[in-house]
Structure formats: structure tokens, C-alpha cells
>>> print(open('final_0.cif').read())   # mmCIF, C-alpha atoms
data_work
loop_
_atom_site.group_PDB
_atom_site.id
_atom_site.type_symbol
_atom_site.label_atom_id
_atom_site.label_comp_id
_atom_site.auth_asym_id
_atom_site.auth_seq_id
_atom_site.Cartn_x
_atom_site.Cartn_y
_atom_site.Cartn_z
ATOM 1 C CA MET A 154 3.219 -8.857 31.156
ATOM 2 C CA ALA A 155 6.897 -7.947 30.808
ATOM 3 C CA LYS A 156 8.076 -5.273 33.250
ATOM 4 C CA ASN A 157 10.415 -3.510 30.817
ATOM 5 C CA PRO A 158 9.117 -4.001 27.285
ATOM 6 C CA LYS A 159 11.405 -3.255 24.346
ATOM 7 C CA PHE A 160 10.111 -1.530 21.249
ATOM 8 C CA VAL A 161 12.244 -1.408 18.092
ATOM 9 C CA ILE A 162 11.331 0.306 14.825
ATOM 10 C CA LEU A 163 13.532 -0.516 11.832
ATOM 11 C CA LEU A 164 13.547 1.799 8.809
ATOM 12 C CA TYR A 165 14.367 0.575 5.314
ATOM 13 C CA HIS A 166 14.088 2.128 1.880
ATOM 14 C CA LYS A 167 15.157 -0.351 -0.806
ATOM 15 C CA ILE A 168 15.713 -4.100 -0.612
ATOM 16 C CA GLY A 169 18.337 -5.230 -3.096
ATOM 17 C CA MET A 170 21.902 -4.738 -4.135
ATOM 18 C CA ASN A 171 23.312 -1.250 -4.416
ATOM 19 C CA PRO A 172 23.823 -0.706 -8.167
ATOM 20 C CA GLY A 173 27.264 0.784 -7.466
ATOM 21 C CA ASN A 174 26.512 4.237 -8.824
ATOM 22 C CA ALA A 175 23.823 5.199 -6.327
ATOM 23 C CA LYS A 176 24.069 8.714 -4.957
ATOM 24 C CA PHE A 177 22.560 7.455 -1.697
ATOM 25 C CA PRO A 178 24.008 3.935 -1.236
ATOM 26 C CA GLY A 179 22.798 3.759 2.346
ATOM 27 C CA LEU A 180 19.232 3.375 1.078
ATOM 28 C CA TYR A 181 19.971 -0.188 -0.107
ATOM 29 C CA VAL A 182 19.955 -3.357 1.997
ATOM 30 C CA ALA A 183 20.699 -6.674 0.303
ATOM 31 C CA GLU A 184 17.834 -9.165 0.461
ATOM 32 C CA SER A 185 20.059 -11.700 2.248
ATOM 33 C CA ASP A 186 21.007 -9.106 4.881
ATOM 34 C CA PHE A 187 17.364 -8.145 5.363
ATOM 35 C CA ASP A 188 16.463 -11.810 5.860
ATOM 36 C CA ARG A 189 19.355 -12.291 8.302
ATOM 37 C CA GLN A 190 18.305 -9.234 10.341
ATOM 38 C CA ILE A 191 14.731 -10.488 10.661
ATOM 39 C CA LYS A 192 15.870 -13.985 11.610
ATOM 40 C CA TYR A 193 18.208 -12.563 14.260
ATOM 41 C CA LEU A 194 15.444 -10.519 15.884
ATOM 42 C CA LYS A 195 12.988 -13.427 15.717
ATOM 43 C CA SER A 196 15.525 -15.746 17.374
ATOM 44 C CA SER A 197 16.009 -13.061 20.051
ATOM 45 C CA GLY A 198 12.309 -13.221 20.928
ATOM 46 C CA TYR A 199 10.966 -10.191 19.052
ATOM 47 C CA ALA A 200 7.392 -10.226 17.764
ATOM 48 C CA PHE A 201 6.942 -8.321 14.494
ATOM 49 C CA LEU A 202 3.975 -5.973 14.304
ATOM 50 C CA THR A 203 2.625 -3.252 12.065
ATOM 51 C CA LEU A 204 2.905 0.254 13.486
ATOM 52 C CA SER A 205 -0.803 0.228 14.419
ATOM 53 C CA GLU A 206 -0.304 -3.017 16.326
ATOM 54 C CA LEU A 207 2.889 -1.713 17.929
ATOM 55 C CA LYS A 208 1.093 1.422 19.097
ATOM 56 C CA ALA A 209 -1.695 -0.690 20.603
ATOM 57 C CA VAL A 210 0.851 -2.802 22.503
ATOM 58 C CA TYR A 211 2.665 0.338 23.655
ATOM 59 C CA ASP A 212 -0.639 1.728 24.909
ATOM 60 C CA TYR A 213 -1.304 -1.591 26.654
ATOM 61 C CA TYR A 214 1.923 -1.322 28.633
ATOM 62 C CA TYR A 215 1.625 2.369 29.388
ATOM 63 C CA GLY A 216 -1.957 2.697 30.518
ATOM 64 C CA ASN A 217 -4.149 3.678 27.605
ATOM 65 C CA GLU A 218 -7.356 1.689 28.205
ATOM 66 C CA LYS A 219 -8.217 1.399 24.492
ATOM 67 C CA GLY A 220 -4.810 -0.152 23.900
ATOM 68 C CA ARG A 221 -5.568 -2.920 26.378
ATOM 69 C CA VAL A 222 -8.326 -4.220 24.101
ATOM 70 C CA ASP A 223 -6.570 -3.650 20.759
ATOM 71 C CA ALA A 224 -3.298 -5.214 21.916
ATOM 72 C CA ALA A 225 -4.570 -8.443 23.453
ATOM 73 C CA ALA A 226 -3.604 -10.627 20.472
ATOM 74 C CA HIS A 227 -0.138 -9.084 20.161
ATOM 75 C CA VAL A 228 1.248 -9.018 23.700
ATOM 76 C CA ASN A 229 3.906 -11.703 24.229
ATOM 77 C CA GLU A 230 5.785 -13.063 27.209
ATOM 78 C CA THR A 231 9.177 -11.755 26.034
ATOM 79 C CA GLY A 232 7.989 -8.140 25.963
ATOM 80 C CA LYS A 233 10.049 -7.586 22.786
ATOM 81 C CA TYR A 234 8.368 -5.962 19.802
ATOM 82 C CA ALA A 235 9.681 -4.861 16.412
ATOM 83 C CA ALA A 236 8.106 -2.928 13.569
ATOM 84 C CA ILE A 237 9.664 -2.872 10.113
ATOM 85 C CA THR A 238 8.962 0.241 8.082
ATOM 86 C CA PHE A 239 9.763 1.089 4.483
ATOM 87 C CA ASP A 240 9.898 4.695 3.324
ATOM 88 C CA ASP A 241 8.846 5.905 -0.118
ATOM 89 C CA GLY A 242 7.316 2.770 -1.689
ATOM 90 C CA SER A 243 10.123 1.415 -3.875
ATOM 91 C CA LYS A 244 9.083 -1.591 -5.968
ATOM 92 C CA SER A 245 12.074 -3.376 -4.395
ATOM 93 C CA VAL A 246 10.021 -3.673 -1.205
ATOM 94 C CA TYR A 247 7.754 -6.004 -3.183
ATOM 95 C CA SER A 248 10.319 -7.672 -5.449
ATOM 96 C CA GLY A 249 13.055 -8.113 -2.829
ATOM 97 C CA GLY A 250 11.411 -7.732 0.547
ATOM 98 C CA PHE A 251 7.903 -9.162 0.407
ATOM 99 C CA ASP A 252 9.025 -12.796 0.012
ATOM 100 C CA VAL A 253 11.363 -12.331 2.983
ATOM 101 C CA LEU A 254 8.488 -10.972 5.071
ATOM 102 C CA ARG A 255 6.212 -13.864 4.102
ATOM 103 C CA SER A 256 8.838 -16.586 4.522
ATOM 104 C CA ASN A 257 9.558 -15.311 8.031
ATOM 105 C CA GLY A 258 5.878 -14.790 8.887
ATOM 106 C CA VAL A 259 6.304 -11.119 9.734
ATOM 107 C CA LYS A 260 4.384 -7.952 8.942
ATOM 108 C CA ALA A 261 5.616 -4.464 8.141
ATOM 109 C CA THR A 262 4.438 -0.941 7.356
ATOM 110 C CA VAL A 263 5.085 0.720 3.970
ATOM 111 C CA PHE A 264 4.926 4.512 3.691
ATOM 112 C CA MET A 265 3.883 5.197 0.089
ATOM 113 C CA VAL A 266 4.290 8.390 -1.929
ATOM 114 C CA SER A 267 0.717 8.312 -3.175
ATOM 115 C CA GLY A 268 1.060 10.427 -6.310
ATOM 116 C CA LEU A 269 3.803 8.153 -7.641
ATOM 117 C CA VAL A 270 2.025 4.787 -7.340
ATOM 118 C CA GLY A 271 3.239 2.822 -10.369
ATOM 119 C CA GLY A 272 5.629 5.636 -11.329
ATOM 120 C CA LEU A 273 9.231 6.586 -10.596
ATOM 121 C CA ASN A 274 11.067 8.235 -7.693
ATOM 122 C CA ASP A 275 10.905 11.699 -9.288
ATOM 123 C CA TRP A 276 12.157 13.554 -6.176
ATOM 124 C CA ASP A 277 15.329 11.417 -6.066
ATOM 125 C CA ILE A 278 15.921 11.640 -9.813
ATOM 126 C CA GLU A 279 15.853 15.451 -9.496
ATOM 127 C CA ASN A 280 18.652 15.111 -6.911
ATOM 128 C CA GLY A 281 20.845 12.935 -9.153
ATOM 129 C CA GLU A 282 19.778 9.493 -7.884
ATOM 130 C CA ASN A 283 19.064 6.521 -10.134
ATOM 131 C CA ALA A 284 15.530 6.019 -11.375
ATOM 132 C CA ASP A 285 13.613 3.533 -9.249
ATOM 133 C CA GLU A 286 10.213 2.040 -9.947
ATOM 134 C CA MET A 287 7.581 2.548 -7.285
ATOM 135 C CA LEU A 288 5.020 0.059 -6.041
ATOM 136 C CA ASN A 289 1.922 -0.187 -8.206
ATOM 137 C CA ALA A 290 -1.691 -0.465 -7.052
ATOM 138 C CA SER A 291 -1.947 -4.257 -7.352
ATOM 139 C CA GLU A 292 1.290 -4.770 -5.381
ATOM 140 C CA LEU A 293 0.062 -2.448 -2.639
ATOM 141 C CA ARG A 294 -3.262 -4.296 -2.485
ATOM 142 C CA GLU A 295 -1.544 -7.693 -2.357
ATOM 143 C CA MET A 296 0.765 -6.573 0.423
ATOM 144 C CA ALA A 297 -2.121 -5.028 2.357
ATOM 145 C CA GLY A 298 -4.062 -8.272 1.937
ATOM 146 C CA TYR A 299 -1.187 -10.139 3.576
ATOM 147 C CA GLY A 300 -1.236 -7.759 6.551
ATOM 148 C CA VAL A 301 1.314 -5.144 5.555
ATOM 149 C CA GLU A 302 0.069 -1.782 6.758
ATOM 150 C CA ILE A 303 0.184 1.077 4.247
ATOM 151 C CA GLY A 304 0.955 4.554 5.523
ATOM 152 C CA ALA A 305 0.987 7.927 3.783
ATOM 153 C CA HIS A 306 4.269 9.583 2.741
ATOM 154 C CA THR A 307 2.982 12.730 0.983
ATOM 155 C CA ARG A 308 1.691 12.964 -2.556
ATOM 156 C CA THR A 309 4.946 13.950 -4.345
ATOM 157 C CA HIS A 310 7.703 13.734 -1.658
ATOM 158 C CA PRO A 311 8.529 17.472 -1.338
ATOM 159 C CA HIS A 312 10.681 18.863 1.459
ATOM 160 C CA LEU A 313 7.758 19.854 3.670
ATOM 161 C CA THR A 314 9.688 22.621 5.421
ATOM 162 C CA ALA A 315 10.506 24.213 2.057
ATOM 163 C CA ILE A 316 6.907 24.674 0.922
ATOM 164 C CA ALA A 317 4.050 26.795 2.224
ATOM 165 C CA PRO A 318 2.191 25.338 5.226
ATOM 166 C CA GLU A 319 -1.053 24.990 3.268
ATOM 167 C CA GLU A 320 0.801 23.076 0.509
ATOM 168 C CA ALA A 321 2.373 20.795 3.114
ATOM 169 C CA LEU A 322 -1.022 20.111 4.656
ATOM 170 C CA ALA A 323 -2.465 19.322 1.210
ATOM 171 C CA GLU A 324 0.453 16.942 0.477
ATOM 172 C CA MET A 325 -0.255 15.051 3.691
ATOM 173 C CA ALA A 326 -4.070 15.048 3.550
ATOM 174 C CA ASP A 327 -4.259 14.187 -0.150
ATOM 175 C CA SER A 328 -1.785 11.336 0.309
ATOM 176 C CA LYS A 329 -3.856 9.816 3.093
ATOM 177 C CA LYS A 330 -7.136 10.165 1.197
ATOM 178 C CA SER A 331 -5.850 8.785 -2.111
ATOM 179 C CA LEU A 332 -4.311 5.733 -0.400
ATOM 180 C CA GLU A 333 -7.505 5.110 1.561
ATOM 181 C CA ASP A 334 -9.481 5.316 -1.691
ATOM 182 C CA LEU A 335 -7.022 2.993 -3.468
ATOM 183 C CA LEU A 336 -6.954 0.386 -0.711
ATOM 184 C CA GLY A 337 -10.486 0.703 0.639
ATOM 185 C CA GLY A 338 -9.264 0.998 4.216
ATOM 186 C CA LYS A 339 -7.965 3.405 6.808
ATOM 187 C CA VAL A 340 -4.454 4.891 6.707
ATOM 188 C CA ASN A 341 -3.338 5.415 10.296
ATOM 189 C CA PHE A 342 0.202 6.764 9.971
ATOM 190 C CA PHE A 343 2.140 9.422 8.102
#
>>> encode(input="final_0.cif", output="C-alpha cells")
Amino acid sequence: MAKNPKFVILLYHKIGMNPGNAKFPGLYVAESDFDRQIKYLKSSGYAFLTLSELKAVYDYYYGNEKGRVDAAAHVNETGKYAAITFDDGSKSVYSGGFDVLRSNGVKATVFMVSGLVGGLNDWDIENGENADEMLNASELREMAGYGVEIGAHTRTHPHLTAIAPEEALAEMADSKKSLEDLLGGKVNFF
């Protein structure tokens, strides 16, 4: 067991070229850059885990007894662990990122806006951003079947601090439940 484990969580939104007129260009990472970043971390000894796996390994190192059992298959001699996360559920995660994940043999976690499965990024469009297709149900199921963890990211992507607490709770709870129903499994993260 490594004495000083390193835990890295990388956050992405869209995998692909910035169209040039994006209001939020920082949301885009070229597929080649994404691939290069993964290869760099792999060559540096990082093991790629879903967030659930990463939490289990963290618990393993820091004393949670349940984590010791759940983490056994994921603990490595380097003590370096990385989790890739994608916010929102852009279709580009599937069209530009999924092949990179598979070709490098790594997993990730996708946080999906559950009410927009197969739709568009309505919240961004309202703020002047380009329309972007969202992951559809079959893409989510295929990714989950590969080992990509799906997390909840609200139902409609509101600013949670700008709505009533009971609405915020409903956005979170409904997102989790609808994704669990869609995928037939547990959603562990929001």
C-alpha cells in the first residue's frame, strides 16, 4: 500500500473542436488532446477508476472498513488514481470521447441531465450558447455496459441556488430516480 496516495479528478464537458463561436469555449477539449492527457497520466502510473471505485480506494487508504473490501481490485502499487468525469451529458462524450476511453482501457463517470436525455442543452441555449445534442438512452446504456458510471446532474440543469429548496430537492431526486429507471442500476453520485 502506498504511503501517500494521489487522487486526481478531471472534469470535462465536451470532447471535440470548439466551433469558434462558442460562448463558453473552455467547455471544449479536442479529442486528440483528451487522448494525450489520458496517455500521459497512464504513463505516469495512474489507474483510472469510476468515482464509486475511487471512493472505495480512498476509503481503503483512510480507514473505512467497507472500503477495504470494495477497493481490493482497484488498489495499485503506485498509489496513483484518476477519475475522469463529464458534466451535463453532451453527445460529444460518446461521439468524441468514448472511443478514446475504450482504446486506452479506462473508465469514467458521466453526470447526465436526466430530463434532456436525447434532447438539447436547453439551459445553455437560453444563455446564448450553441445548441448541443445530449446523450440518448441507448448511448448511456452502451457506455454503462462498458463500465462508465452514470451520475445524476439534475433534471433540467437549473441554478439550484436560484430556485426554492423543495424544487432543488425535486430536481436532484427526480434525476437520480429517472436515471436509475432508465439504466436499471444504482446512481451513486450527484
>>> closest_atom_pairs(input="final_0.cif", of="region 220-310 of chain A", to="region 172-193 of chain A", cutoff="9 Å", atoms="all atoms listed in the file", output="CSV")
residue,atom,partner,partner_atom,distance
A:Gly249,CA,A:Glu184,CA,5.9
A:Gly250,CA,A:Glu184,CA,6.6
A:Val253,CA,A:Asp188,CA,5.9
A:Leu254,CA,A:Asp188,CA,8.1
A:Asn257,CA,A:Lys192,CA,7.4
A:Val259,CA,A:Ile191,CA,8.5
A:Asn280,CA,A:Lys176,CA,8.6
A:Gly281,CA,A:Lys176,CA,6.8
A:Glu282,CA,A:Lys176,CA,5.3
A:Asn283,CA,A:Ala175,CA,6.2
>>> atom_distance(input="final_0.cif", atom1="CA of Lys330 (chain A)", atom2="CA of Phe264 (chain A)")
13.6 Å
>>> residues_around(input="final_0.cif", residues="Val270 (chain A)", least_positions_apart="5", cutoff="9 Å", atoms="all atoms listed in the file", output="list in words")
Gly242, Met265, Met287, Leu288, Asn289, Ala290 and Leu293 of chain A
>>> resolve_selection(input="final_0.cif", expression="the PyMOL selection byres ((chain A and resi 340) around 9)", output="MDAnalysis selection string")
chainID A and resid 302:305 329:330 332:333 338:339 341:343
>>> resolve_selection(input="final_0.cif", expression="the PyMOL selection byres ((chain A and resi 210) around 8)", output="MDAnalysis selection string")
chainID A and resid 206:209 211:214 220:221 223:225 227:228
>>> resolve_selection(input="final_0.cif", expression="the PyMOL selection byres ((chain A and resi 245) around 9)", output="list of chain:residue names")
A:His166, A:Lys167, A:Ile168, A:Gly169, A:Gly242, A:Ser243, A:Lys244, A:Val246, A:Tyr247, A:Ser248, A:Gly249, A:Gly250, A:Phe251, A:Asp285, A:Glu286, A:Met287, A:Leu288
>>> atom_distance(input="final_0.cif", atom1="CA of Asp277 (chain A)", atom2="CA of Asp240 (chain A)")
12.8 Å
>>> residues_near_point(input="final_0.cif", point="(14.5, -2.8, 19.1)", cutoff="9 Å", atoms="all atoms listed in the file", output="PyMOL selection string")
chain A and resi 159-163+194+199+233-236
>>> closest_residue(input="final_0.cif", among="A:Ser205, A:Asn157, A:Thr262, A:Thr314", to="Thr231 (chain A)", atoms="only C-alpha atoms")
A:Asn157
>>> atom_distance(input="final_0.cif", atom1="CA of Thr307 (chain A)", atom2="CA of Ser267 (chain A)")
6.5 Å
>>> closest_residue(input="final_0.cif", among="A:Gly272, A:Gly258, A:Gly198, A:Gly300", to="Pro158 (chain A)", atoms="only C-alpha atoms")
A:Gly198
>>> closest_residue(input="final_0.cif", among="A:Ala226, A:Ile278, A:Ile237, A:Leu269", to="Ser331 (chain A)", atoms="only C-alpha atoms")
A:Leu269
>>> decode(input="final_0.cif", residues="region 170-211 of chain A", atoms="N, CA and C atoms", output="short mmCIF file (atom, residue, chain, number, x, y, z; two decimals), in the first residue's frame")
data_model
loop_
_atom_site.label_atom_id
_atom_site.label_comp_id
_atom_site.auth_asym_id
_atom_site.auth_seq_id
_atom_site.Cartn_x
_atom_site.Cartn_y
_atom_site.Cartn_z
N MET A 170 -13.76 19.70 -31.22
CA MET A 170 -13.22 21.03 -31.53
C MET A 170 -14.22 22.12 -31.17
N ASN A 171 -13.72 23.19 -30.63
CA ASN A 171 -14.51 24.38 -30.37
C ASN A 171 -15.00 24.90 -31.73
N PRO A 172 -16.31 25.11 -31.88
CA PRO A 172 -16.82 25.57 -33.18
C PRO A 172 -16.41 27.00 -33.54
N GLY A 173 -15.72 27.69 -32.67
CA GLY A 173 -15.25 29.04 -32.97
C GLY A 173 -16.18 30.13 -32.48
N ASN A 174 -17.45 29.86 -32.41
CA ASN A 174 -18.41 30.86 -31.95
C ASN A 174 -19.04 30.49 -30.61
N ALA A 175 -18.40 29.60 -29.90
CA ALA A 175 -18.94 29.15 -28.61
C ALA A 175 -18.85 30.27 -27.58
N LYS A 176 -19.90 30.45 -26.83
CA LYS A 176 -19.89 31.44 -25.76
C LYS A 176 -18.98 30.99 -24.61
N PHE A 177 -18.89 29.67 -24.43
CA PHE A 177 -18.07 29.09 -23.38
C PHE A 177 -17.03 28.16 -24.00
N PRO A 178 -16.00 28.71 -24.65
CA PRO A 178 -15.02 27.86 -25.36
C PRO A 178 -14.25 26.93 -24.45
N GLY A 179 -14.15 27.24 -23.18
CA GLY A 179 -13.43 26.40 -22.26
C GLY A 179 -14.09 25.06 -21.98
N LEU A 180 -15.32 24.89 -22.47
CA LEU A 180 -16.02 23.62 -22.28
C LEU A 180 -15.55 22.55 -23.27
N TYR A 181 -14.77 22.94 -24.28
CA TYR A 181 -14.36 22.02 -25.34
C TYR A 181 -12.92 21.57 -25.14
N VAL A 182 -12.69 20.28 -25.33
CA VAL A 182 -11.34 19.71 -25.37
C VAL A 182 -11.27 18.84 -26.62
N ALA A 183 -10.29 19.11 -27.47
CA ALA A 183 -10.13 18.33 -28.70
C ALA A 183 -9.90 16.86 -28.35
N GLU A 184 -10.43 15.98 -29.17
CA GLU A 184 -10.29 14.55 -28.95
C GLU A 184 -8.82 14.14 -28.84
N SER A 185 -7.97 14.71 -29.68
CA SER A 185 -6.54 14.37 -29.63
C SER A 185 -5.90 14.83 -28.31
N ASP A 186 -6.34 15.97 -27.80
CA ASP A 186 -5.82 16.44 -26.51
C ASP A 186 -6.30 15.55 -25.37
N PHE A 187 -7.56 15.16 -25.43
CA PHE A 187 -8.12 14.26 -24.43
C PHE A 187 -7.34 12.94 -24.41
N ASP A 188 -7.09 12.38 -25.58
CA ASP A 188 -6.31 11.15 -25.69
C ASP A 188 -4.90 11.34 -25.12
N ARG A 189 -4.28 12.44 -25.46
CA ARG A 189 -2.91 12.73 -24.98
C ARG A 189 -2.88 12.85 -23.46
N GLN A 190 -3.88 13.49 -22.87
CA GLN A 190 -3.94 13.66 -21.42
C GLN A 190 -4.08 12.31 -20.72
N ILE A 191 -4.93 11.45 -21.26
CA ILE A 191 -5.09 10.12 -20.66
C ILE A 191 -3.79 9.32 -20.78
N LYS A 192 -3.19 9.34 -21.95
CA LYS A 192 -1.94 8.60 -22.15
C LYS A 192 -0.84 9.11 -21.21
N TYR A 193 -0.77 10.41 -21.00
CA TYR A 193 0.23 10.96 -20.09
C TYR A 193 0.03 10.43 -18.67
N LEU A 194 -1.20 10.48 -18.19
CA LEU A 194 -1.47 10.00 -16.83
C LEU A 194 -1.23 8.50 -16.71
N LYS A 195 -1.63 7.74 -17.73
CA LYS A 195 -1.37 6.29 -17.70
C LYS A 195 0.12 6.02 -17.64
N SER A 196 0.91 6.73 -18.45
CA SER A 196 2.36 6.51 -18.46
C SER A 196 3.01 6.97 -17.16
N SER A 197 2.30 7.81 -16.41
CA SER A 197 2.79 8.28 -15.11
C SER A 197 2.35 7.37 -13.96
N GLY A 198 1.68 6.27 -14.30
CA GLY A 198 1.32 5.28 -13.29
C GLY A 198 -0.07 5.41 -12.70
N TYR A 199 -0.91 6.28 -13.25
CA TYR A 199 -2.26 6.45 -12.71
C TYR A 199 -3.19 5.33 -13.18
N ALA A 200 -3.99 4.83 -12.26
CA ALA A 200 -5.06 3.89 -12.56
C ALA A 200 -6.35 4.70 -12.69
N PHE A 201 -7.13 4.44 -13.73
CA PHE A 201 -8.37 5.17 -13.96
C PHE A 201 -9.55 4.40 -13.40
N LEU A 202 -10.34 5.09 -12.58
CA LEU A 202 -11.46 4.47 -11.89
C LEU A 202 -12.71 5.32 -12.06
N THR A 203 -13.87 4.70 -11.88
CA THR A 203 -15.10 5.48 -11.76
C THR A 203 -15.06 6.19 -10.40
N LEU A 204 -15.97 7.11 -10.19
CA LEU A 204 -16.00 7.78 -8.88
C LEU A 204 -16.32 6.81 -7.75
N SER A 205 -17.21 5.84 -7.99
CA SER A 205 -17.52 4.86 -6.95
C SER A 205 -16.29 4.05 -6.59
N GLU A 206 -15.52 3.65 -7.60
CA GLU A 206 -14.29 2.91 -7.34
C GLU A 206 -13.26 3.78 -6.64
N LEU A 207 -13.15 5.04 -7.07
CA LEU A 207 -12.21 5.96 -6.44
C LEU A 207 -12.55 6.17 -4.97
N LYS A 208 -13.83 6.32 -4.67
CA LYS A 208 -14.24 6.49 -3.28
C LYS A 208 -13.88 5.26 -2.46
N ALA A 209 -14.09 4.07 -3.03
CA ALA A 209 -13.74 2.84 -2.31
C ALA A 209 -12.24 2.78 -2.02
N VAL A 210 -11.42 3.17 -2.99
CA VAL A 210 -9.97 3.17 -2.78
C VAL A 210 -9.59 4.22 -1.74
N TYR A 211 -10.21 5.38 -1.81
CA TYR A 211 -9.96 6.42 -0.81
C TYR A 211 -10.29 5.89 0.59
#
